[in-house]
file structure.pdb (PDB, C-alpha atoms)
ATOM      1  CA  MET A  98      26.247-104.316  97.395
ATOM      2  CA  LYS A  99      29.548-105.999  98.285
ATOM      3  CA  ILE A 100      32.253-103.455  99.029
ATOM      4  CA  GLY A 101      35.916-104.148  99.685
ATOM      5  CA  VAL A 102      38.139-101.877 101.782
ATOM      6  CA  VAL A 103      41.804-102.548 101.029
ATOM      7  CA  VAL A 104      44.079-102.636 104.075
ATOM      8  CA  PHE A 105      47.746-101.751 103.523
ATOM      9  CA  PRO A 106      50.350-101.801 106.282
ATOM     10  CA  GLY A 107      49.885 -98.276 107.664
ATOM     11  CA  SER A 108      46.265 -97.742 106.600
ATOM     12  CA  ASN A 109      44.451 -95.974 109.432
ATOM     13  CA  CYS A 110      41.056 -94.987 108.039
ATOM     14  CA  ASP A 111      40.082 -98.527 107.051
ATOM     15  CA  HIS A 112      37.832 -98.990 110.093
ATOM     16  CA  ASP A 113      36.221 -95.569 109.625
ATOM     17  CA  MET A 114      35.452 -96.560 106.058
ATOM     18  CA  PHE A 115      34.088 -99.933 107.172
ATOM     19  CA  HIS A 116      31.886 -98.117 109.705
ATOM     20  CA  ALA A 117      30.611 -95.675 107.101
ATOM     21  CA  PHE A 118      29.443 -98.487 104.838
ATOM     22  CA  LYS A 119      28.382-101.049 107.421
ATOM     23  CA  THR A 120      26.961 -99.258 110.434
ATOM     24  CA  VAL A 121      25.726 -96.150 108.718
ATOM     25  CA  ASN A 122      24.534 -97.539 105.438
ATOM     26  CA  GLY A 123      24.037-101.205 106.293
ATOM     27  CA  GLU A 124      26.139-102.452 103.410
ATOM     28  CA  ASN A 125      27.974-105.725 102.971
ATOM     29  CA  VAL A 126      31.561-104.571 103.472
ATOM     30  CA  HIS A 127      34.757-106.587 103.858
ATOM     31  CA  PHE A 128      38.402-105.855 104.495
ATOM     32  CA  ILE A 129      40.831-106.955 101.777
ATOM     33  CA  TRP A 130      44.455-107.532 102.798
ATOM     34  CA  HIS A 131      46.974-105.921 100.432
ATOM     35  CA  GLN A 132      48.569-109.317  99.795
ATOM     36  CA  ASP A 133      45.287-110.753  98.490
ATOM     37  CA  THR A 134      45.052-111.386  94.784
ATOM     38  CA  SER A 135      41.351-111.469  93.965
ATOM     39  CA  LEU A 136      38.507-108.972  93.837
ATOM     40  CA  ALA A 137      36.227-111.411  92.050
ATOM     41  CA  SER A 138      33.121-111.037  94.218
ATOM     42  CA  PHE A 139      33.300-107.298  94.870
ATOM     43  CA  GLU A 140      31.169-104.595  93.284
ATOM     44  CA  ALA A 141      33.164-101.612  94.540
ATOM     45  CA  VAL A 142      36.622-101.157  96.043
ATOM     46  CA  VAL A 143      37.871 -98.467  98.405
ATOM     47  CA  LEU A 144      41.483 -97.463  99.085
ATOM     48  CA  PRO A 145      41.296 -95.828 102.519
ATOM     49  CA  GLY A 146      43.427 -93.110 104.079
ATOM     50  CA  GLY A 147      46.497 -93.626 106.190
ATOM     51  CA  PHE A 148      50.249 -93.781 105.772
ATOM     52  CA  SER A 149      50.811 -96.955 103.789
ATOM     53  CA  TYR A 150      54.432 -98.095 104.108
ATOM     54  CA  GLY A 151      55.121 -95.049 106.279
ATOM     55  CA  ASP A 152      54.867 -92.759 103.230
ATOM     56  CA  TYR A 153      58.445 -93.868 102.454
ATOM     57  CA  LEU A 154      59.909 -92.531  99.200
ATOM     58  CA  ARG A 155      56.641 -90.748  98.268
ATOM     59  CA  ALA A 156      53.138 -91.149  99.678
ATOM     60  CA  GLY A 157      51.543 -94.149  97.965
ATOM     61  CA  ALA A 158      54.641 -95.035  95.926
ATOM     62  CA  ILE A 159      55.229 -98.443  97.495
ATOM     63  CA  ALA A 160      51.615 -99.412  98.210
ATOM     64  CA  ARG A 161      51.009 -98.963  94.495
ATOM     65  CA  PHE A 162      53.002-102.180  93.906
ATOM     66  CA  SER A 163      51.153-104.309  96.494
ATOM     67  CA  PRO A 164      49.815-107.559  94.993
ATOM     68  CA  ILE A 165      46.193-106.392  95.303
ATOM     69  CA  MET A 166      46.890-103.274  93.215
ATOM     70  CA  LYS A 167      47.231-105.355  90.059
ATOM     71  CA  GLU A 168      43.661-106.461  90.671
ATOM     72  CA  VAL A 169      42.504-102.950  91.558
ATOM     73  CA  ILE A 170      43.904-101.638  88.265
ATOM     74  CA  GLN A 171      42.143-104.412  86.354
ATOM     75  CA  PHE A 172      38.928-103.802  88.344
ATOM     76  CA  ALA A 173      39.058-100.102  87.437
ATOM     77  CA  ARG A 174      39.742-100.863  83.765
ATOM     78  CA  GLU A 175      36.592-102.982  83.718
ATOM     79  CA  GLY A 176      34.687 -99.836  84.668
ATOM     80  CA  LYS A 177      33.895-100.875  88.229
ATOM     81  CA  PRO A 178      33.862 -98.224  90.967
ATOM     82  CA  VAL A 179      37.090 -97.457  92.817
ATOM     83  CA  LEU A 180      37.161 -94.789  95.532
ATOM     84  CA  GLY A 181      40.451 -93.513  96.970
ATOM     85  CA  ILE A 182      40.463 -91.223  99.996
ATOM     86  CA  CYS A 183      43.537 -89.268 101.086
ATOM     87  CA  ASN A 184      46.372 -91.826 100.972
ATOM     88  CA  GLY A 185      44.053 -93.797  98.667
ATOM     89  CA  PHE A 186      44.036 -90.808  96.282
ATOM     90  CA  GLN A 187      47.843 -90.706  96.446
ATOM     91  CA  ILE A 188      48.001 -94.423  95.603
ATOM     92  CA  LEU A 189      45.618 -93.884  92.665
ATOM     93  CA  THR A 190      47.830 -91.140  91.165
ATOM     94  CA  GLU A 191      51.000 -93.159  91.768
ATOM     95  CA  SER A 192      49.450 -96.155  90.032
ATOM     96  CA  GLY A 193      48.382 -94.083  87.036
ATOM     97  CA  LEU A 194      44.660 -94.729  87.550
ATOM     98  CA  LEU A 195      44.271 -90.984  88.061
ATOM     99  CA  PRO A 196      46.340 -88.265  86.363
ATOM    100  CA  GLY A 197      48.599 -85.798  88.189
ATOM    101  CA  ALA A 198      50.462 -86.025  91.485
ATOM    102  CA  LEU A 199      50.098 -84.937  95.119
ATOM    103  CA  ARG A 200      52.937 -82.829  96.479
ATOM    104  CA  ARG A 201      53.861 -81.555  99.945
ATOM    105  CA  ASN A 202      51.370 -78.995 101.248
ATOM    106  CA  GLU A 203      52.443 -75.521 100.206
ATOM    107  CA  ASN A 204      52.941 -74.326 103.805
ATOM    108  CA  LEU A 205      54.702 -77.609 104.731
ATOM    109  CA  ARG A 206      52.230 -78.158 107.586
ATOM    110  CA  PHE A 207      50.156 -81.220 108.167
ATOM    111  CA  ALA A 208      46.615 -79.891 107.635
ATOM    112  CA  CYS A 209      44.057 -81.372 110.025
ATOM    113  CA  LYS A 210      40.729 -79.515 110.114
ATOM    114  CA  HIS A 211      37.241 -79.236 108.692
ATOM    115  CA  VAL A 212      37.109 -77.643 105.256
ATOM    116  CA  TYR A 213      34.408 -76.859 102.732
ATOM    117  CA  ILE A 214      34.344 -78.346  99.260
ATOM    118  CA  ARG A 215      32.141 -77.430  96.327
ATOM    119  CA  THR A 216      30.573 -80.064  94.105
ATOM    120  CA  GLU A 217      31.722 -79.330  90.554
ATOM    121  CA  ASN A 218      30.256 -82.373  88.853
ATOM    122  CA  CYS A 219      27.150 -84.130  90.178
ATOM    123  CA  GLN A 220      26.883 -86.525  87.254
ATOM    124  CA  THR A 221      29.333 -89.116  88.534
ATOM    125  CA  ILE A 222      28.434 -92.349  90.293
ATOM    126  CA  PHE A 223      29.956 -90.847  93.456
ATOM    127  CA  THR A 224      28.029 -87.568  93.393
ATOM    128  CA  SER A 225      24.600 -88.366  91.915
ATOM    129  CA  ARG A 226      22.865 -87.494  95.212
ATOM    130  CA  LEU A 227      24.440 -84.030  95.186
ATOM    131  CA  GLN A 228      23.527 -80.854  93.317
ATOM    132  CA  LYS A 229      26.048 -78.960  91.212
ATOM    133  CA  GLY A 230      27.540 -76.261  93.440
ATOM    134  CA  GLN A 231      26.474 -78.011  96.654
ATOM    135  CA  ILE A 232      28.895 -77.312  99.500
ATOM    136  CA  LEU A 233      30.024 -80.070 101.843
ATOM    137  CA  SER A 234      31.722 -79.752 105.214
ATOM    138  CA  VAL A 235      34.331 -82.505 105.495
ATOM    139  CA  PRO A 236      37.579 -82.972 107.400
ATOM    140  CA  ILE A 237      41.065 -83.170 105.887
ATOM    141  CA  ALA A 238      44.165 -84.695 107.503
ATOM    142  CA  HIS A 239      47.195 -84.758 105.237
ATOM    143  CA  GLY A 240      50.697 -83.450 104.642
ATOM    144  CA  GLU A 241      50.785 -84.163 100.917
ATOM    145  CA  GLY A 242      47.548 -83.066  99.309
ATOM    146  CA  ASN A 243      48.824 -80.332  97.030
ATOM    147  CA  TYR A 244      47.494 -81.512  93.675
ATOM    148  CA  PHE A 245      49.590 -80.869  90.589
ATOM    149  CA  ILE A 246      49.112 -81.542  86.904
ATOM    150  CA  ASP A 247      50.650 -79.858  83.859
ATOM    151  CA  GLU A 248      48.728 -77.308  81.810
ATOM    152  CA  ILE A 249      47.635 -79.768  79.120
ATOM    153  CA  GLY A 250      46.512 -82.226  81.779
ATOM    154  CA  LEU A 251      44.500 -79.562  83.587
ATOM    155  CA  LYS A 252      42.739 -78.587  80.359
ATOM    156  CA  LYS A 253      41.848 -82.239  79.790
ATOM    157  CA  LEU A 254      40.470 -82.532  83.340
ATOM    158  CA  GLU A 255      38.331 -79.461  82.776
ATOM    159  CA  ASP A 256      37.143 -80.475  79.317
ATOM    160  CA  SER A 257      36.043 -83.920  80.528
ATOM    161  CA  GLN A 258      34.523 -82.558  83.766
ATOM    162  CA  GLN A 259      36.849 -84.699  85.834
ATOM    163  CA  ILE A 260      37.250 -82.123  88.586
ATOM    164  CA  VAL A 261      34.584 -83.226  91.057
ATOM    165  CA  PHE A 262      35.382 -81.182  94.190
ATOM    166  CA  ARG A 263      37.149 -77.874  94.833
ATOM    167  CA  TYR A 264      38.087 -76.323  98.189
ATOM    168  CA  CYS A 265      35.921 -73.272  98.855
ATOM    169  CA  SER A 266      34.530 -70.891 101.490
ATOM    170  CA  THR A 267      31.364 -71.626 103.497
ATOM    171  CA  VAL A 268      29.357 -70.038 100.693
ATOM    172  CA  GLY A 269      31.305 -71.633  97.840
ATOM    173  CA  LEU A 270      33.817 -68.947  96.900
ATOM    174  CA  LEU A 271      37.171 -70.047  95.537
ATOM    175  CA  ALA A 272      40.227 -68.231  96.935
ATOM    176  CA  ASP A 273      43.706 -69.079  98.188
ATOM    177  CA  GLU A 274      42.645 -68.522 101.803
ATOM    178  CA  PHE A 275      40.156 -71.402 101.536
ATOM    179  CA  ASN A 276      42.657 -73.711  99.847
ATOM    180  CA  PRO A 277      44.303 -75.656 102.695
ATOM    181  CA  ASN A 278      47.286 -77.087 100.810
ATOM    182  CA  GLY A 279      48.061 -74.958  97.755
ATOM    183  CA  SER A 280      46.351 -77.430  95.433
ATOM    184  CA  LEU A 281      46.328 -76.369  91.770
ATOM    185  CA  ASP A 282      43.038 -74.751  90.771
ATOM    186  CA  HIS A 283      41.729 -75.529  94.319
ATOM    187  CA  ILE A 284      41.305 -79.180  93.329
ATOM    188  CA  ALA A 285      40.147 -81.467  96.166
ATOM    189  CA  GLY A 286      38.976 -84.457  94.134
ATOM    190  CA  ILE A 287      39.026 -85.784  90.565
ATOM    191  CA  THR A 288      37.791 -88.763  88.605
ATOM    192  CA  ASN A 289      39.382 -90.609  85.718
ATOM    193  CA  LYS A 290      38.054 -89.855  82.259
ATOM    194  CA  GLU A 291      35.576 -92.743  82.390
ATOM    195  CA  GLY A 292      34.251 -91.494  85.755
ATOM    196  CA  ASN A 293      34.458 -94.803  87.648
ATOM    197  CA  VAL A 294      37.536 -93.905  89.720
ATOM    198  CA  LEU A 295      37.337 -91.044  92.236
ATOM    199  CA  GLY A 296      40.239 -89.768  94.321
ATOM    200  CA  MET A 297      39.805 -87.046  96.928
ATOM    201  CA  MET A 298      41.887 -85.709  99.811
ATOM    202  CA  PRO A 299      39.003 -84.896 102.225
ATOM    203  CA  HIS A 300      37.558 -87.701 104.345
ATOM    204  CA  PRO A 301      33.831 -88.277 103.736
ATOM    205  CA  GLU A 302      33.971 -91.363 105.993
ATOM    206  CA  ARG A 303      34.771 -89.071 108.918
ATOM    207  CA  ALA A 304      31.658 -87.022 108.237
ATOM    208  CA  VAL A 305      28.802 -89.523 108.351
ATOM    209  CA  GLU A 306      27.179 -88.725 111.709
ATOM    210  CA  LEU A 307      26.304 -85.420 113.411
ATOM    211  CA  LEU A 308      28.351 -86.582 116.383
ATOM    212  CA  LEU A 309      31.393 -86.225 114.136
ATOM    213  CA  GLY A 310      30.540 -82.613 113.329
ATOM    214  CA  SER A 311      29.062 -83.233 109.897
ATOM    215  CA  GLN A 312      27.218 -85.887 107.991
ATOM    216  CA  ASP A 313      27.789 -84.416 104.554
ATOM    217  CA  GLY A 314      30.037 -87.348 103.655
ATOM    218  CA  ARG A 315      26.924 -89.522 103.501
ATOM    219  CA  TYR A 316      25.968 -88.046 100.136
ATOM    220  CA  ILE A 317      29.003 -89.670  98.543
ATOM    221  CA  PHE A 318      28.322 -93.108 100.056
ATOM    222  CA  GLU A 319      24.613 -92.901  99.267
ATOM    223  CA  SER A 320      25.382 -91.897  95.680
ATOM    224  CA  LEU A 321      27.719 -94.827  95.184
ATOM    225  CA  ILE A 322      25.352 -97.332  96.822
ATOM    226  CA  SER A 323      22.398 -96.130  94.750
ATOM    227  CA  GLN A 324      24.362 -96.529  91.513
ATOM    228  CA  VAL A 325      25.754-100.013  91.886
TER     229      VAL A 325
ATOM    230  CA  MET B  52      78.827-101.370  90.853
ATOM    231  CA  LYS B  53      77.467 -98.537  92.896
ATOM    232  CA  ALA B  54      74.998 -95.908  91.710
ATOM    233  CA  VAL B  55      74.333 -92.473  93.124
ATOM    234  CA  ILE B  56      70.963 -91.137  91.996
ATOM    235  CA  LYS B  57      69.891 -87.531  92.422
ATOM    236  CA  VAL B  58      66.156 -86.863  92.369
ATOM    237  CA  ARG B  59      65.004 -83.280  91.845
ATOM    238  CA  LEU B  60      61.644 -81.602  91.538
ATOM    239  CA  LYS B  61      61.182 -80.562  87.925
ATOM    240  CA  ASN B  62      61.856 -76.964  86.973
ATOM    241  CA  GLY B  63      58.786 -74.854  87.548
ATOM    242  CA  ILE B  64      57.388 -77.119  90.251
ATOM    243  CA  LEU B  65      57.181 -75.110  93.444
ATOM    244  CA  ASP B  66      59.395 -76.498  96.200
ATOM    245  CA  PRO B  67      57.863 -75.308  99.492
ATOM    246  CA  GLN B  68      60.642 -76.967 101.477
ATOM    247  CA  GLY B  69      63.352 -75.132  99.536
ATOM    248  CA  LYS B  70      61.470 -71.866  99.883
ATOM    249  CA  THR B  71      61.162 -72.239 103.666
ATOM    250  CA  VAL B  72      64.835 -73.138 104.046
ATOM    251  CA  ASN B  73      65.694 -70.166 101.807
ATOM    252  CA  ASN B  74      63.748 -67.879 104.167
ATOM    253  CA  ALA B  75      65.432 -69.405 107.231
ATOM    254  CA  LEU B  76      68.850 -68.769 105.679
ATOM    255  CA  HIS B  77      67.930 -65.130 105.082
ATOM    256  CA  HIS B  78      66.868 -64.792 108.723
ATOM    257  CA  LEU B  79      70.285 -66.126 109.739
ATOM    258  CA  GLY B  80      71.996 -63.457 107.690
ATOM    259  CA  PHE B  81      72.807 -65.463 104.575
ATOM    260  CA  GLY B  82      71.242 -62.826 102.369
ATOM    261  CA  SER B  83      73.346 -63.720  99.349
ATOM    262  CA  ILE B  84      71.971 -67.284  99.190
ATOM    263  CA  ASN B  85      68.937 -67.815  96.979
ATOM    264  CA  ASP B  86      67.041 -70.325  94.858
ATOM    265  CA  VAL B  87      67.257 -73.166  97.403
ATOM    266  CA  ARG B  88      65.736 -76.364  96.081
ATOM    267  CA  ILE B  89      65.761 -79.637  97.948
ATOM    268  CA  GLY B  90      65.871 -83.063  96.379
ATOM    269  CA  LYS B  91      66.789 -86.609  97.333
ATOM    270  CA  LEU B  92      69.954 -88.635  97.027
ATOM    271  CA  ILE B  93      69.610 -92.388  96.631
ATOM    272  CA  GLU B  94      72.602 -94.724  96.812
ATOM    273  CA  LEU B  95      72.483 -98.352  95.829
ATOM    274  CA  THR B  96      74.611-101.202  94.624
ATOM    275  CA  ILE B  97      73.807-103.215  91.527
ATOM    276  CA  LYS B  98      75.198-106.635  90.632
ATOM    277  CA  GLU B  99      75.676-106.388  86.875
ATOM    278  CA  LYS B 100      78.819-107.020  84.872
ATOM    279  CA  LYS B 101      78.040-104.698  81.974
ATOM    280  CA  GLN B 102      77.665-100.963  82.401
ATOM    281  CA  ASP B 103      74.970-100.602  79.760
ATOM    282  CA  VAL B 104      72.840-103.293  81.423
ATOM    283  CA  ALA B 105      73.271-101.607  84.796
ATOM    284  CA  ARG B 106      72.299 -98.250  83.292
ATOM    285  CA  LYS B 107      69.193 -99.677  81.718
ATOM    286  CA  LYS B 108      68.093-101.309  84.989
ATOM    287  CA  ILE B 109      68.706 -98.168  87.032
ATOM    288  CA  GLU B 110      66.790 -95.993  84.590
ATOM    289  CA  GLU B 111      63.919 -98.466  84.638
ATOM    290  CA  ALA B 112      63.905 -98.509  88.459
ATOM    291  CA  CYS B 113      63.934 -94.701  88.529
ATOM    292  CA  LYS B 114      60.984 -94.428  86.167
ATOM    293  CA  LYS B 115      58.992 -97.200  87.793
ATOM    294  CA  LEU B 116      59.495 -96.550  91.496
ATOM    295  CA  LEU B 117      62.282 -94.250  92.612
ATOM    296  CA  THR B 118      60.859 -91.097  91.043
ATOM    297  CA  ASN B 119      57.447 -89.789  90.048
ATOM    298  CA  PRO B 120      58.071 -88.615  86.457
ATOM    299  CA  ILE B 121      55.133 -86.200  86.667
ATOM    300  CA  ILE B 122      56.922 -83.970  89.173
ATOM    301  CA  GLU B 123      60.509 -85.259  89.423
ATOM    302  CA  ASP B 124      63.630 -85.594  87.256
ATOM    303  CA  PHE B 125      66.666 -87.712  87.999
ATOM    304  CA  THR B 126      70.340 -87.925  87.138
ATOM    305  CA  TYR B 127      72.759 -90.612  88.273
ATOM    306  CA  GLU B 128      76.329 -91.771  88.123
ATOM    307  CA  LEU B 129      77.677 -95.274  88.089
ATOM    308  CA  ILE B 130      80.791 -96.029  90.072
ATOM    309  CA  GLU B 131      82.730 -99.209  89.242
ATOM    310  CA  ASP B 132      83.969-101.243  92.217
TER     311      ASP B 132
END

call {"tool": "encode", "arguments": {"input": "structure.pdb", "output": "structure tokens"}}
result
Amino acid sequence: MKIGVVVFPGSNCDHDMFHAFKTVNGENVHFIWHQDTSLASFEAVVLPGGFSYGDYLRAGAIARFSPIMKEVIQFAREGKPVLGICNGFQILTESGLLPGALRRNENLRFACKHVYIRTENCQTIFTSRLQKGQILSVPIAHGEGNYFIDEIGLKKLEDSQQIVFRYCSTVGLLADEFNPNGSLDHIAGITNKEGNVLGMMPHPERAVELLLGSQDGRYIFESLISQV
Amino acid sequence: MKAVIKVRLKNGILDPQGKTVNNALHHLGFGSINDVRIGKLIELTIKEKKQDVARKKIEEACKKLLTNPIIEDFTYELIED
């Protein structure tokens, strides 16, 4: 499987993502510079975390207009897998590939810690190796991860099972105290309606080896690799 | 021409920054101040001869890049040189 990791000026999880695919899973992974204009040979594309363009204006707002994003939007429209982590999720909402928006964390603090997320939908190409309700331990590191969508949009997300992960307790309970950023309905990750684009704030690529404190992130990479 | 654009979070969207500043003001004794909301002010110049063309361009720029219409509203004024 040939995977492309897009590198924007200010990306800082691109190498972690490369490592997760290459070293851990032995996949054929390449960096793609944001000025590039072709994704022709790739089977999946990842927008990694970081602070593209210094988060100027709004997180992801400027990266969304990088030359490569035209191709990423086309790639997604063709039904090919696109995964956006953290800043990648912000870029996906800014570009309209995913609905809603990511606002400042409710407590205004940059949240950097391990959290638990509950698998809400295991029928996506990103979660096929998971069980519904399965709890993952994964780190977060963001200042703007507070997901928002209007009431009609939320209903649509629920009806189409687009909410893939929710923040939860160690045993899977949903409550404000387990929600690290004030995210609406405890949302940690969503897909588009077609299910080929996933955006999530937690970092599965930082949870692929026990040395890192958790290897639960592997499920997501293994799911994707097994599907393509 | 010059434009001054005000970007605000939409009504009903929680503004944690405004809320925190509101609390800080109360701690400093400004008990009569409430409902603090914080937005952005963007200034720019635009080289257009006609006002209506300038307005159209600014509105397009606001919708495309300067604001996120899902969570933000904008107003602006044009100032002739």

call {"tool": "resolve_selection", "arguments": {"input": "structure.pdb", "expression": "the PyMOL selection byres ((chain B and resi 79-90) around 12)", "output": "number ranges by chain"}}
result
A: 154; B: 56-78, 91-93, 118, 122-126

call {"tool": "axis_aligned_box", "arguments": {"input": "structure.pdb", "around": "region 224-227 of chain A", "padding_each_side": "8 Å", "output": "JSON"}}
result
{"center_x": 25.4, "center_y": -86.2, "center_z": 93.6, "size_x": 21.2, "size_y": 20.3, "size_z": 19.3}

call {"tool": "atom_distance", "arguments": {"input": "structure.pdb", "atom1": "CA of Pro178 (chain A)", "atom2": "CA of Gly230 (chain A)"}}
result
23.0 Å

call {"tool": "residues_around", "arguments": {"input": "structure.pdb", "residues": "Ile100 (chain A)", "least_positions_apart": "5", "cutoff": "8 Å", "atoms": "only C-alpha atoms", "output": "list in words"}}
result
Glu124, Asn125, Val126, His127, Phe139, Glu140, Ala141, Val142 and Val143 of chain A

call {"tool": "interface_residues", "arguments": {"input": "structure.pdb", "of": "chain A", "to": "chain B", "cutoff": "8 Å", "atoms": "only C-alpha atoms", "output": "VMD selection string"}}
result
chain A and resid 154 158 to 159 191 197 to 198 201 to 205 246

call {"tool": "residues_around", "arguments": {"input": "structure.pdb", "residues": "Ser257 (chain A)", "least_positions_apart": "4", "cutoff": "12 Å", "atoms": "all atoms listed in the file", "output": "compact mmCIF listing (two decimals) with C-alpha atoms, in the coordinates of the input"}}
result
# COMPACT_ATOMS: atom_id res chain seq x y z
CA GLU A 217 31.72 -79.33 90.55
CA ASN A 218 30.26 -82.37 88.85
CA GLN A 220 26.88 -86.52 87.25
CA THR A 221 29.33 -89.12 88.53
CA GLY A 250 46.51 -82.23 81.78
CA LEU A 251 44.50 -79.56 83.59
CA LYS A 252 42.74 -78.59 80.36
CA LYS A 253 41.85 -82.24 79.79
CA VAL A 261 34.58 -83.23 91.06
CA ILE A 287 39.03 -85.78 90.56
CA THR A 288 37.79 -88.76 88.60
CA ASN A 289 39.38 -90.61 85.72
CA LYS A 290 38.05 -89.86 82.26
CA GLU A 291 35.58 -92.74 82.39
CA GLY A 292 34.25 -91.49 85.76

call {"tool": "resolve_selection", "arguments": {"input": "structure.pdb", "expression": "the PyMOL selection byres ((chain A and resi 106-120) around 8)", "output": "PyMOL selection string"}}
result
chain A and resi 102-105+121-128+131+145-151+302-303+305+318

call {"tool": "atom_distance", "arguments": {"input": "structure.pdb", "atom1": "CA of Arg200 (chain A)", "atom2": "CA of Phe245 (chain A)"}}
result
7.1 Å

call {"tool": "resolve_selection", "arguments": {"input": "structure.pdb", "expression": "the PyMOL selection byres ((chain B and resi 100-107) around 12)", "output": "list in words"}}
result
Met52, Lys53, Ala54, Val55, Ile56, Leu95, Thr96, Ile97, Lys98, Glu99, Lys108, Ile109, Glu110, Glu111, Ala112, Cys113, Lys114, Thr126, Tyr127, Glu128, Leu129, Ile130, Glu131 and Asp132 of chain B
